[in-house]
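Asks: structure11.cif (mmCIF, C-alpha atoms) pasted underneath:
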```
data_input
loop_
_atom_site.label_atom_id
_atom_site.label_comp_id
_atom_site.auth_asym_id
_atom_site.auth_seq_id
_atom_site.Cartn_x
_atom_site.Cartn_y
_atom_site.Cartn_z
CA MET F 1 189.48 62.08 112.00
CA LYS F 2 186.64 59.70 112.60
CA ILE F 3 185.67 57.62 109.57
CA PRO F 4 181.99 58.29 108.83
CA GLY F 5 179.60 55.37 108.89
CA ASN F 6 179.12 53.56 105.64
CA SER F 7 175.90 52.73 103.88
CA ALA F 8 173.35 50.18 104.95
CA THR F 9 174.61 49.03 108.35
CA ARG F 10 170.98 48.20 109.19
CA ALA F 11 168.21 46.32 107.46
CA ILE F 12 165.64 48.57 105.77
CA PRO F 13 162.10 47.19 106.06
CA HIS F 14 160.23 47.16 102.76
CA ASP F 15 156.71 46.66 104.08
CA ASN F 16 154.55 46.20 107.23
CA LEU F 17 155.02 49.73 108.53
CA TYR F 18 153.56 52.03 111.20
CA LEU F 19 153.31 55.53 109.72
CA PHE F 20 154.63 58.03 112.27
CA LYS F 21 153.23 61.44 111.42
CA SER F 22 155.08 64.68 112.10
CA CYS F 23 153.59 67.86 113.55
CA VAL F 24 156.07 69.98 111.57
CA THR F 25 155.23 68.19 108.30
CA GLY F 26 151.49 68.33 108.95
CA SER F 27 151.60 72.02 109.90
CA LEU F 28 153.93 73.36 107.20
CA TYR F 29 153.42 71.00 104.25
CA PRO F 30 150.53 68.58 104.82
CA GLY F 31 150.86 67.65 101.13
CA ILE F 32 154.16 65.93 101.96
CA GLU F 33 152.31 63.54 104.26
CA LYS F 34 149.66 63.00 101.57
CA SER F 35 152.33 62.31 98.96
CA ILE F 36 153.93 59.64 101.16
CA ARG F 37 150.57 57.89 101.58
CA TYR F 38 149.92 58.27 97.83
CA VAL F 39 153.22 56.60 96.88
CA PHE F 40 152.84 53.80 99.45
CA ASP F 41 149.30 53.12 98.18
CA ARG F 42 150.35 53.13 94.53
CA ILE F 43 153.27 50.71 94.94
CA GLY F 44 151.58 48.48 97.53
CA VAL F 45 153.50 49.27 100.73
CA HIS F 46 151.27 48.21 103.63
CA TYR F 47 151.14 50.58 106.57
CA THR F 48 149.04 51.39 109.62
CA ASP F 49 147.81 55.00 109.85
CA ASP F 50 146.97 55.23 113.55
CA PRO F 51 145.64 58.63 114.75
CA ARG F 52 146.40 57.83 118.41
CA HIS F 53 150.15 58.44 118.50
CA SER F 54 151.34 61.79 119.85
CA SER F 55 153.99 64.08 118.46
CA CYS F 56 157.48 62.66 119.04
CA THR F 57 158.00 66.04 120.81
CA GLY F 58 161.33 66.42 118.96
CA PHE F 59 160.67 70.04 117.95
CA GLY F 60 160.20 71.01 121.61
CA TYR F 61 162.85 68.62 122.93
CA HIS F 62 165.58 70.01 120.65
CA ALA F 63 164.44 73.56 121.40
CA GLY F 64 165.20 72.58 125.01
CA VAL F 65 161.68 73.17 126.30
CA VAL F 66 160.27 69.61 126.55
CA PRO F 67 161.96 67.59 129.35
CA LEU F 68 163.73 64.33 128.52
CA ARG F 69 161.53 62.43 131.00
CA THR F 70 158.35 63.55 129.20
CA ASN F 71 159.93 62.87 125.79
CA LEU F 72 160.81 59.30 126.85
CA ALA F 73 157.41 58.53 128.40
CA LEU F 74 155.37 59.89 125.49
CA ASN F 75 157.46 57.93 122.99
CA ALA F 76 157.30 54.78 125.14
CA ARG F 77 153.51 55.21 124.87
CA ASN F 78 153.92 55.55 121.10
CA PHE F 79 156.00 52.34 121.04
CA SER F 80 153.27 50.59 123.02
CA LEU F 81 150.71 51.63 120.35
CA VAL F 82 152.98 50.26 117.63
CA SER F 83 153.22 46.92 119.42
CA GLU F 84 149.40 46.64 119.39
CA HIS F 85 149.67 46.33 115.62
CA GLY F 86 151.98 43.32 115.78
CA ASN F 87 155.30 45.07 116.30
CA LYS F 88 155.43 46.83 112.97
CA ASN F 89 158.47 48.82 111.87
CA ILE F 90 158.11 52.56 112.36
CA VAL F 91 158.47 54.81 109.31
CA CYS F 92 158.87 58.52 110.05
CA THR F 93 157.94 61.35 107.71
CA CYS F 94 160.38 63.73 109.46
CA PRO F 95 164.10 63.25 110.28
CA THR F 96 163.65 64.80 113.74
CA SER F 97 161.04 62.14 114.57
CA TYR F 98 163.45 59.54 113.16
CA GLY F 99 166.41 60.78 115.25
CA ASN F 100 164.36 61.38 118.39
CA LEU F 101 162.53 58.03 118.35
CA LYS F 102 165.83 56.23 117.80
CA GLU F 103 167.40 58.21 120.64
CA CYS F 104 164.51 57.30 122.96
CA LYS F 105 164.71 53.65 121.94
CA GLU F 106 168.48 53.57 122.57
CA LEU F 107 168.28 55.35 125.94
CA LEU F 108 165.47 53.10 127.14
CA SER F 109 167.30 49.98 125.96
CA ARG F 110 170.63 50.73 127.61
CA ASP F 111 169.67 52.59 130.79
CA ALA F 112 167.75 50.45 133.31
CA SER F 113 166.86 53.35 135.61
CA LEU F 114 165.34 55.40 132.76
CA ARG F 115 163.51 52.30 131.52
CA ASN F 116 162.12 51.46 134.97
CA ASP F 117 160.99 55.05 135.56
CA THR F 118 159.32 55.19 132.12
CA ALA F 119 157.70 51.77 132.55
CA GLY F 120 156.29 52.92 135.92
CA ILE F 121 154.74 56.00 134.32
CA LEU F 122 153.24 53.91 131.49
CA LYS F 123 151.79 51.47 134.04
CA GLN F 124 149.85 54.34 135.61
CA VAL F 125 148.24 55.16 132.26
CA GLY F 126 147.36 51.48 131.78
CA ARG F 127 150.08 50.60 129.28
CA ASP F 128 153.03 48.21 129.25
CA TYR F 129 156.53 49.13 128.19
CA CYS F 130 157.37 47.54 124.81
CA ASP F 131 160.39 47.70 122.59
CA VAL F 132 159.94 48.34 118.86
CA PRO F 133 161.72 46.82 115.89
CA GLU F 134 163.29 49.03 113.21
CA ILE F 135 162.81 52.81 112.98
CA SER F 136 163.33 54.22 109.47
CA HIS F 137 162.75 57.41 107.57
CA ALA F 138 160.35 57.38 104.61
CA SER F 139 163.26 58.10 102.25
CA ASP F 140 164.85 54.79 103.30
CA ILE F 141 161.70 52.97 102.19
CA PHE F 142 161.42 54.95 98.94
CA LEU F 143 165.02 54.03 98.10
CA ALA F 144 164.44 50.38 98.97
CA ARG F 145 161.31 50.36 96.76
CA LEU F 146 162.67 52.60 93.99
CA ASP F 147 162.25 49.94 91.30
CA ASP F 148 158.53 49.69 92.16
CA ILE F 149 158.14 53.47 91.86
CA ARG F 150 160.01 53.55 88.54
CA ALA F 151 157.90 50.69 87.20
CA LYS F 152 154.71 52.75 87.62
CA ALA F 153 156.11 56.16 86.60
CA VAL F 154 154.07 58.22 84.15
CA TYR F 155 156.31 61.32 84.22
CA SER F 156 160.05 61.83 84.50
CA PHE F 157 162.34 64.53 85.88
CA SER F 158 164.68 63.79 82.98
CA GLY F 159 166.77 66.82 82.06
CA ILE F 160 166.21 68.53 85.43
CA ARG F 161 169.43 69.60 87.17
CA ALA F 162 168.98 69.22 90.91
CA VAL F 163 170.87 69.58 94.18
CA THR F 164 170.00 67.60 97.30
CA HIS F 165 169.89 68.61 100.95
CA HIS F 166 169.69 65.81 103.54
CA GLY F 167 168.29 66.44 107.05
CA CYS F 168 170.89 66.73 109.84
CA HIS F 169 168.73 64.64 112.18
CA TYR F 170 168.77 61.87 109.58
CA SER F 171 172.47 61.78 108.81
CA LYS F 172 174.29 63.25 111.83
CA ILE F 173 172.68 61.79 114.98
CA PHE F 174 172.70 58.09 114.06
CA TYR F 175 175.51 58.74 111.62
CA LYS F 176 176.38 55.09 111.06
CA GLU F 177 172.88 54.27 109.84
CA VAL F 178 172.59 56.36 106.68
CA SER F 179 171.09 54.03 104.08
CA SER F 180 173.18 55.35 101.16
CA GLY F 181 176.49 57.19 101.28
CA ASN F 182 177.77 58.26 104.68
CA SER F 183 177.16 60.93 107.29
CA GLU F 184 179.49 63.48 105.65
CA ARG F 185 178.00 62.76 102.25
CA PRO F 186 174.60 61.06 102.41
CA THR F 187 173.30 60.06 98.97
CA VAL F 188 169.81 58.72 99.75
CA LEU F 189 168.11 61.61 97.94
CA ASP F 190 170.67 61.55 95.11
CA ASP F 191 169.87 57.89 94.44
CA ILE F 192 166.09 58.45 94.55
CA ALA F 193 166.27 61.56 92.34
CA ARG F 194 168.52 59.91 89.76
CA GLY F 195 166.05 57.03 89.67
CA LEU F 196 163.29 59.54 88.85
CA GLY F 197 165.35 61.07 86.02
CA CYS F 198 167.24 64.00 87.60
CA ASP F 199 170.82 64.97 86.98
CA ILE F 200 172.40 65.60 90.39
CA ILE F 201 174.81 68.52 90.77
CA ASP F 202 177.35 68.60 93.56
CA TYR F 203 178.00 71.75 95.61
CA GLU F 204 180.52 72.58 98.26
CA GLU F 205 178.09 73.25 101.14
CA ARG F 206 175.89 70.19 100.68
CA SER F 207 176.38 69.00 104.27
CA LEU F 208 175.76 72.44 105.81
CA CYS F 209 172.65 72.55 108.02
CA CYS F 210 169.65 74.60 106.77
CA GLY F 211 169.77 76.75 109.93
CA MET F 212 166.31 75.77 111.19
CA GLY F 213 167.61 75.53 114.75
CA PHE F 214 164.06 74.90 116.07
CA HIS F 215 163.34 77.99 118.20
CA HIS F 216 165.56 80.10 115.91
CA THR F 217 163.09 80.01 113.04
CA LEU F 218 160.40 81.35 115.39
CA THR F 219 162.43 83.75 117.50
CA ASP F 220 165.77 84.74 115.93
CA ARG F 221 165.79 84.67 112.16
CA GLU F 222 169.30 86.15 111.90
CA TYR F 223 170.84 82.70 112.52
CA PRO F 224 168.91 80.89 109.75
CA LYS F 225 169.53 83.82 107.40
CA ALA F 226 173.30 83.72 108.00
CA VAL F 227 173.47 79.95 107.43
CA LEU F 228 171.22 80.07 104.38
CA LEU F 229 173.23 82.90 102.84
CA ARG F 230 176.26 80.55 102.88
CA LYS F 231 174.19 77.62 101.63
CA PHE F 232 172.53 79.49 98.75
CA THR F 233 175.78 81.18 97.72
CA SER F 234 177.15 77.68 97.17
CA ILE F 235 173.97 76.36 95.49
CA LEU F 236 173.83 79.33 93.11
CA GLU F 237 177.32 78.63 91.75
CA ASN F 238 175.64 76.05 89.52
CA ARG F 239 172.07 77.45 89.49
CA PRO F 240 170.13 74.17 89.58
CA ASP F 241 166.49 73.80 88.47
CA LEU F 242 165.45 72.15 91.73
CA ILE F 243 166.40 71.61 95.39
CA ILE F 244 165.39 68.20 96.78
CA THR F 245 164.80 67.81 100.52
CA GLN F 246 164.25 65.14 103.17
CA CYS F 247 163.00 67.18 106.15
CA PRO F 248 159.94 69.46 106.47
CA GLY F 249 161.89 72.04 108.50
CA CYS F 250 164.70 72.17 105.93
CA THR F 251 162.08 72.42 103.18
CA PHE F 252 160.53 75.42 104.94
CA ASN F 253 163.87 77.18 105.41
CA LEU F 254 165.14 76.55 101.88
CA ASP F 255 161.74 77.50 100.42
CA TYR F 256 160.49 80.45 102.51
CA TYR F 257 163.78 82.32 103.01
CA GLN F 258 164.50 82.66 99.28
CA GLU F 259 162.61 85.94 98.92
CA CYS F 260 164.39 87.72 101.79
CA LEU F 261 167.81 86.38 100.70
CA SER F 262 167.24 87.86 97.25
CA ARG F 263 168.19 91.24 98.76
CA GLN F 264 171.78 89.95 99.00
CA LEU F 265 171.89 87.27 96.30
CA GLY F 266 169.54 88.59 93.62
CA ARG F 267 166.44 86.70 92.54
CA ILE F 268 166.76 83.01 93.51
CA ASP F 269 163.44 81.30 92.67
CA ILE F 270 164.66 77.69 92.76
CA PRO F 271 161.71 75.40 93.58
CA VAL F 272 162.08 73.06 96.57
CA LEU F 273 160.48 69.62 96.51
CA TYR F 274 160.39 66.88 99.11
CA PHE F 275 161.50 63.52 97.69
CA SER F 276 157.99 62.14 98.26
CA GLU F 277 156.33 65.00 96.37
CA MET F 278 158.63 64.24 93.43
CA ALA F 279 157.79 60.54 93.53
CA ALA F 280 154.04 61.20 93.81
CA LEU F 281 154.19 63.60 90.83
CA VAL F 282 156.12 61.03 88.79
CA LEU F 283 153.39 58.50 89.62
CA GLY F 284 150.69 60.89 88.38
CA ALA F 285 149.37 62.56 91.56
CA ASP F 286 147.35 65.76 91.02
CA PRO F 287 149.79 68.52 92.07
CA TYR F 288 147.04 70.45 93.86
CA ASP F 289 145.91 67.37 95.79
CA ILE F 290 149.38 67.22 97.34
CA GLY F 291 149.40 70.97 98.04
CA ILE F 292 152.06 72.03 95.55
CA ASP F 293 150.69 75.58 95.67
CA MET F 294 151.48 75.72 99.42
CA HIS F 295 155.19 76.19 98.66
CA ALA F 296 156.48 79.75 99.00
CA THR F 297 158.74 79.55 95.94
CA PRO F 298 156.52 78.65 92.98
CA VAL F 299 156.92 75.05 91.80
CA GLU F 300 154.44 75.44 88.94
CA PRO F 301 156.98 76.61 86.27
CA LEU F 302 159.08 73.49 86.90
CA LEU F 303 156.00 71.26 86.57
CA GLU F 304 155.13 72.92 83.27
CA LYS F 305 158.69 72.32 82.10
CA ILE F 306 158.43 68.57 82.72
CA GLY F 307 154.98 68.35 81.19
CA ILE F 308 152.82 67.62 84.21
CA LEU F 309 149.28 68.61 83.28
CA GLY F 310 146.82 70.83 85.10
CA VAL F 311 149.20 73.38 86.57
CA SER F 312 149.56 76.02 83.88
CA LYS F 313 146.63 78.24 84.88
CA MET E 1 179.37 74.46 139.47
CA GLY E 2 179.78 78.23 139.29
CA GLU E 3 180.58 77.89 135.61
CA THR E 4 177.44 75.80 135.09
CA GLY E 5 175.41 78.59 136.68
CA MET E 6 176.96 81.11 134.32
CA LEU E 7 176.16 78.92 131.33
CA LEU E 8 172.55 78.48 132.44
CA SER E 9 171.94 82.20 132.60
CA SER E 10 173.99 83.16 129.53
CA GLY E 11 172.68 83.27 125.98
CA ALA E 12 175.35 80.83 124.75
CA ILE E 13 173.32 77.64 125.21
CA TRP E 14 170.51 79.06 123.06
CA LYS E 15 172.79 79.68 120.07
CA CYS E 16 173.26 75.98 119.24
CA GLY E 17 171.37 75.00 116.08
CA GLN E 18 171.07 71.32 117.17
CA CYS E 19 172.50 70.09 113.86
CA TYR E 20 174.70 67.41 115.51
CA SER E 21 177.70 68.03 113.28
CA CYS E 22 179.51 67.78 116.65
CA ARG E 23 178.21 64.27 117.21
CA MET E 24 179.18 62.80 113.86
CA ARG E 25 182.64 64.40 113.91
CA CYS E 26 183.70 63.87 117.51
CA PRO E 27 186.52 61.28 117.62
CA ARG E 28 185.34 60.21 121.10
CA ASP E 29 181.65 59.87 120.17
CA ASN E 30 180.64 62.71 122.44
CA SER E 31 177.89 65.15 121.58
CA ALA E 32 178.06 68.77 122.68
CA GLY E 33 174.52 69.21 121.34
CA MET E 34 173.13 66.68 123.82
CA GLY E 35 174.95 68.38 126.70
CA ILE E 36 173.44 71.69 125.65
CA LEU E 37 169.97 70.12 125.74
CA ALA E 38 170.50 69.12 129.40
CA LEU E 39 171.52 72.70 130.23
CA ARG E 40 168.55 74.14 128.30
CA GLU E 41 166.12 71.85 130.13
CA ARG E 42 167.45 72.98 133.51
CA SER E 43 167.47 76.63 132.49
CA VAL E 44 163.78 76.45 131.50
CA ARG E 45 162.85 74.44 134.60
CA GLU E 46 164.49 77.03 136.86
CA GLY E 47 162.85 79.89 134.96
CA ILE E 48 166.16 81.60 134.12
CA ALA E 49 165.99 81.07 130.35
CA PRO E 50 165.54 84.26 128.28
CA GLY E 51 161.99 85.60 128.02
CA TYR E 52 161.62 84.69 124.32
CA ILE E 53 162.49 81.06 125.15
CA LEU E 54 160.02 80.94 128.04
CA ARG E 55 157.31 82.24 125.68
CA ILE E 56 158.10 79.50 123.13
CA ALA E 57 158.17 76.96 125.97
CA SER E 58 154.70 78.05 127.01
CA ILE E 59 153.29 77.81 123.45
CA ILE E 60 154.77 74.35 122.87
CA LYS E 61 153.50 73.04 126.22
CA SER E 62 150.03 74.39 125.43
CA ASN E 63 150.09 72.80 121.94
CA LEU E 64 151.06 69.43 123.41
CA TYR E 65 148.38 69.65 126.09
CA GLU E 66 145.59 70.78 123.75
CA ARG E 67 146.40 68.77 120.61
CA GLY E 68 149.17 66.26 121.40
CA GLU E 69 151.43 68.11 118.94
CA THR E 70 154.36 70.46 119.61
CA PHE E 71 154.09 72.43 116.35
CA LEU E 72 150.76 73.65 114.99
CA PRO E 73 149.73 75.53 111.82
CA SER E 74 148.85 78.60 113.92
CA MET E 75 152.59 79.15 114.59
CA ILE E 76 152.97 80.41 110.99
CA THR E 77 151.40 83.84 111.38
CA ASP E 78 150.95 86.53 108.74
CA SER E 79 153.47 88.71 110.56
CA LEU E 80 156.06 85.92 110.25
CA LEU E 81 155.21 85.49 106.54
CA ALA E 82 155.57 89.24 106.00
CA GLU E 83 159.15 89.07 107.32
CA PHE E 84 160.08 86.82 104.40
CA GLY E 85 158.70 89.32 101.90
CA PRO E 86 155.48 90.53 100.23
CA ARG E 87 155.34 87.71 97.67
CA THR E 88 155.67 85.03 100.38
CA LEU E 89 152.93 86.74 102.40
CA MET E 90 150.63 86.97 99.39
CA ARG E 91 151.27 83.39 98.25
CA CYS E 92 151.23 81.64 101.64
CA SER E 93 148.64 83.52 103.71
CA GLY E 94 146.05 81.41 101.90
CA ASN E 95 147.67 78.14 103.03
CA ARG E 96 145.27 77.79 105.96
CA ALA E 97 142.38 77.58 103.50
CA ARG E 98 144.36 75.24 101.24
CA ARG E 99 144.71 72.85 104.19
CA ILE E 100 140.95 72.28 104.03
CA ARG E 101 141.08 71.73 100.26
CA ILE E 102 143.55 68.85 100.70
CA GLY E 103 141.65 67.32 103.62
CA TYR E 104 143.38 68.73 106.70
CA HIS E 105 142.12 70.86 109.59
CA ILE E 106 142.97 74.55 109.79
CA GLY E 107 144.10 74.32 113.41
CA ASP E 108 145.54 70.81 113.65
CA ALA E 109 148.66 69.25 112.14
CA ARG E 110 146.80 66.01 111.44
CA GLN E 111 144.34 64.89 108.82
CA GLU E 112 142.59 63.07 111.68
CA PRO E 113 143.19 64.73 115.08
CA ILE E 114 144.33 62.60 118.03
CA PRO E 115 141.21 61.04 119.68
CA GLY E 116 140.05 62.17 123.14
CA ALA E 117 141.00 58.98 125.00
CA SER E 118 144.55 59.27 123.67
CA MET E 119 144.68 62.95 124.65
CA ASP E 120 143.74 61.91 128.22
CA GLU E 121 146.76 59.56 128.27
CA ILE E 122 149.05 62.25 126.84
CA ARG E 123 147.93 64.80 129.47
CA MET E 124 148.34 62.22 132.23
CA ILE E 125 151.91 61.52 131.09
CA MET E 126 152.62 65.27 131.08
CA ARG E 127 151.49 65.37 134.74
CA LEU E 128 153.23 62.17 135.84
CA THR E 129 156.55 63.31 134.39
CA GLY E 130 156.30 66.66 136.18
CA TYR E 131 155.96 68.65 132.94
CA ILE E 132 152.75 70.13 134.30
CA PRO E 133 151.83 70.14 138.01
CA ASP E 134 149.56 67.50 139.49
CA GLY E 135 145.94 68.52 139.00
CA GLY E 136 147.01 71.46 136.82
CA ASP E 137 146.62 72.25 133.19
CA GLU E 138 149.16 73.57 130.75
CA ASN E 139 148.53 77.14 131.91
CA SER E 140 149.24 76.50 135.55
CA GLY E 141 152.50 74.86 134.55
CA LYS E 142 153.89 77.95 132.90
#
```
Just give me the structure of the file as structure tokens.
Replies:
Amino acid sequence: MKIPGNSATRAIPHDNLYLFKSCVTGSLYPGIEKSIRYVFDRIGVHYTDDPRHSSCTGFGYHAGVVPLRTNLALNARNFSLVSEHGNKNIVCTCPTSYGNLKECKELLSRDASLRNDTAGILKQVGRDYCDVPEISHASDIFLARLDDIRAKAVYSFSGIRAVTHHGCHYSKIFYKEVSSGNSERPTVLDDIARGLGCDIIDYEERSLCCGMGFHHTLTDREYPKAVLLRKFTSILENRPDLIITQCPGCTFNLDYYQECLSRQLGRIDIPVLYFSEMAALVLGADPYDIGIDMHATPVEPLLEKIGILGVSK
Amino acid sequence: MGETGMLLSSGAIWKCGQCYSCRMRCPRDNSAGMGILALRERSVREGIAPGYILRIASIIKSNLYERGETFLPSMITDSLLAEFGPRTLMRCSGNRARRIRIGYHIGDARQEPIPGASMDEIRMIMRLTGYIPDGGDENSGK
């Protein structure tokens, strides 16, 4: 059996970032994007928030409906925008953007014919082909700056029993580059959550995909339901207070499917929070400003339990 | 080649969940998921993908052409919410209005939509890469 990649085989940038926004995050949970900005602003992480970049196209590419050639050229354009800001490091809010941008960067770096074709297309839109430095996921940065978050914390998740679910496109595509733990057992979220006060509970199916499957969630919900039935059966063995996520698609699946799975599993009602929402709440963000009431499974009872004000009405 | 043709027209290639467990576990560093993507792309290009995939393909192409985004808030419809259950429908059908409260647009994934000049570049790249025909729009490329 292949030995999974170990932690930290790459340098994690701490600052000087280009914020790469996700169409799935912005459509399903815009508050996640707001919470990332909130935390960066509070702890002094400098980033460029450029409206000009396009979607990474990863949702369509992995559904099989956006061609590779278009994917490469649009992301080469995105890389060219990043280089205008002094070659900043890209930070993604979504693991699919993270995996897809890294895939594009690798393909363009190692395949001269793809690079020449893409550079020719960019030339026609008046842009030059540029490489980019590091591509990270926001959770990498939060982990690297965890001490800064803890230093400004005004609330704690102390006493909350949580399970974590890492995004497949974070830990399984570039499996040697997980910033804590390894691809079979990533611990990026575990480390962040422990730092914010949580007790982390293990469960057997922690590396099982959420079943998003891209087009499946829109066209064939039997696949996500079957995968989530297995996942929640395992999670419910220990009935945690909270599920912590790293991907907007996983957040949606673990959050929205709870009601329909209750027909087989009984009432579930375990709130799901993105790591950045947790960190923003710990730093004192107004829960409604980061859209906490946009979650399908109510988060409000958990927030009351940990004493965050303004959510009990 | 005959077997490739069978794969292209079968439903098997659309079952993959693109989780890449295959990639991280393969002892030879291969990735079945990436191979499936190549087959999916050809199946869509040749118009032999199942109808429900061609409909999704058309929506995603239109989203990218109109907004520069593949996924948009409009893809979460009330009929989809109702499939999850009555509480989810009741709680989340108001999320479009909540987007405005937290500073986002109802119909766009971004707080600040992609500017027009950038959209021109994005559409030009879609044409130059053959994703939509020369001189066409996203509708003529369906």
Asks: On this file, the PyMOL selection byres ((chain F) within 7 of (chain E)) gives some set of residues; write that set as number ranges by chain.
Replies: F: 1-2, 23-24, 26-28, 51-52, 54-55, 57, 59-60, 62, 64-65, 67, 69-70, 73-74, 121, 125, 168-169, 172-173, 175, 209, 211, 213, 219, 256-257, 259-260, 289-291, 294, 296
Asks: Selection from above, C-alpha atoms, as an mmCIF file, in the frame of the given file, can you write it?
Replies:
```cif
data_model
loop_
_atom_site.group_PDB
_atom_site.id
_atom_site.type_symbol
_atom_site.label_atom_id
_atom_site.label_comp_id
_atom_site.auth_asym_id
_atom_site.auth_seq_id
_atom_site.Cartn_x
_atom_site.Cartn_y
_atom_site.Cartn_z
ATOM 1 C CA MET F 1 189.480 62.080 112.000
ATOM 2 C CA LYS F 2 186.640 59.700 112.600
ATOM 3 C CA CYS F 23 153.590 67.860 113.550
ATOM 4 C CA VAL F 24 156.070 69.980 111.570
ATOM 5 C CA GLY F 26 151.490 68.330 108.950
ATOM 6 C CA SER F 27 151.600 72.020 109.900
ATOM 7 C CA LEU F 28 153.930 73.360 107.200
ATOM 8 C CA PRO F 51 145.640 58.630 114.750
ATOM 9 C CA ARG F 52 146.400 57.830 118.410
ATOM 10 C CA SER F 54 151.340 61.790 119.850
ATOM 11 C CA SER F 55 153.990 64.080 118.460
ATOM 12 C CA THR F 57 158.000 66.040 120.810
ATOM 13 C CA PHE F 59 160.670 70.040 117.950
ATOM 14 C CA GLY F 60 160.200 71.010 121.610
ATOM 15 C CA HIS F 62 165.580 70.010 120.650
ATOM 16 C CA GLY F 64 165.200 72.580 125.010
ATOM 17 C CA VAL F 65 161.680 73.170 126.300
ATOM 18 C CA PRO F 67 161.960 67.590 129.350
ATOM 19 C CA ARG F 69 161.530 62.430 131.000
ATOM 20 C CA THR F 70 158.350 63.550 129.200
ATOM 21 C CA ALA F 73 157.410 58.530 128.400
ATOM 22 C CA LEU F 74 155.370 59.890 125.490
ATOM 23 C CA ILE F 121 154.740 56.000 134.320
ATOM 24 C CA VAL F 125 148.240 55.160 132.260
ATOM 25 C CA CYS F 168 170.890 66.730 109.840
ATOM 26 C CA HIS F 169 168.730 64.640 112.180
ATOM 27 C CA LYS F 172 174.290 63.250 111.830
ATOM 28 C CA ILE F 173 172.680 61.790 114.980
ATOM 29 C CA TYR F 175 175.510 58.740 111.620
ATOM 30 C CA CYS F 209 172.650 72.550 108.020
ATOM 31 C CA GLY F 211 169.770 76.750 109.930
ATOM 32 C CA GLY F 213 167.610 75.530 114.750
ATOM 33 C CA THR F 219 162.430 83.750 117.500
ATOM 34 C CA TYR F 256 160.490 80.450 102.510
ATOM 35 C CA TYR F 257 163.780 82.320 103.010
ATOM 36 C CA GLU F 259 162.610 85.940 98.920
ATOM 37 C CA CYS F 260 164.390 87.720 101.790
ATOM 38 C CA ASP F 289 145.910 67.370 95.790
ATOM 39 C CA ILE F 290 149.380 67.220 97.340
ATOM 40 C CA GLY F 291 149.400 70.970 98.040
ATOM 41 C CA MET F 294 151.480 75.720 99.420
ATOM 42 C CA ALA F 296 156.480 79.750 99.000
#
```
Asks: How many Å lie between atom CA of F:Asn182 and atom CA of F:His216, rounded to one decimal?
Replies: 27.4 Å
Asks: Which residues, named as in the file, does the PyMOL selection byres ((chain F and resi 136-138) around 10) pick out? Answer as a PyMOL selection string.
Replies: chain F and resi 10-13+17+19-20+36+40+89-99+101-102+133-135+139-144+170+177-179+246-247+275-276
Asks: What does the distance from atom CA of F:Ile149 to atom CA of F:Ala280 come to in Å, to one decimal?
Replies: 9.0 Å
Asks: In Å, with one decimal, what is the gap from atom CA of F:Phe232 to atom CA of F:Asp202?
Replies: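 Pair atom CA of F:Phe232 / atom CA of F:Asp202 returns 13.0 Å.
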Asks: Please enumerate the residues selected by the PyMOL selection byres ((chain F and resi 231) around 8) when evaluated against the supplied file, formatted as a PyMOL selection string.
Replies: chain F and resi 205-206+208+210+227-230+232-235
Asks: Write the selection just made, keeping C-alpha atoms, as an mmCIF file, keeping the file's coordinate frame?
Replies:
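Result file follows (part36.cif):
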```cif
data_model
loop_
_atom_site.group_PDB
_atom_site.id
_atom_site.type_symbol
_atom_site.label_atom_id
_atom_site.label_comp_id
_atom_site.auth_asym_id
_atom_site.auth_seq_id
_atom_site.Cartn_x
_atom_site.Cartn_y
_atom_site.Cartn_z
ATOM 1 C CA GLU F 205 178.090 73.250 101.140
ATOM 2 C CA ARG F 206 175.890 70.190 100.680
ATOM 3 C CA LEU F 208 175.760 72.440 105.810
ATOM 4 C CA CYS F 210 169.650 74.600 106.770
ATOM 5 C CA VAL F 227 173.470 79.950 107.430
ATOM 6 C CA LEU F 228 171.220 80.070 104.380
ATOM 7 C CA LEU F 229 173.230 82.900 102.840
ATOM 8 C CA ARG F 230 176.260 80.550 102.880
ATOM 9 C CA PHE F 232 172.530 79.490 98.750
ATOM 10 C CA THR F 233 175.780 81.180 97.720
ATOM 11 C CA SER F 234 177.150 77.680 97.170
ATOM 12 C CA ILE F 235 173.970 76.360 95.490
#
```
Asks: Enumerate, as JSON, numbers by chain, the protein, DNA and RNA residues whose atoms approach (150.0, 56.7, 89.7) to within 8 Å, taking into account only C-alpha atoms and the coordinate frame of the file.
Replies: {"F": [39, 42, 152, 153, 154, 280, 282, 283, 284, 285]}
Asks: With all atoms listed in the file as the basis for distance, which of F:Ser80, F:Ile243, F:Asn100, F:Ser207 is at the shortest distance from F:Thr118?
Replies: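 So, comparing all the options, the nearest one is F:Ser80.
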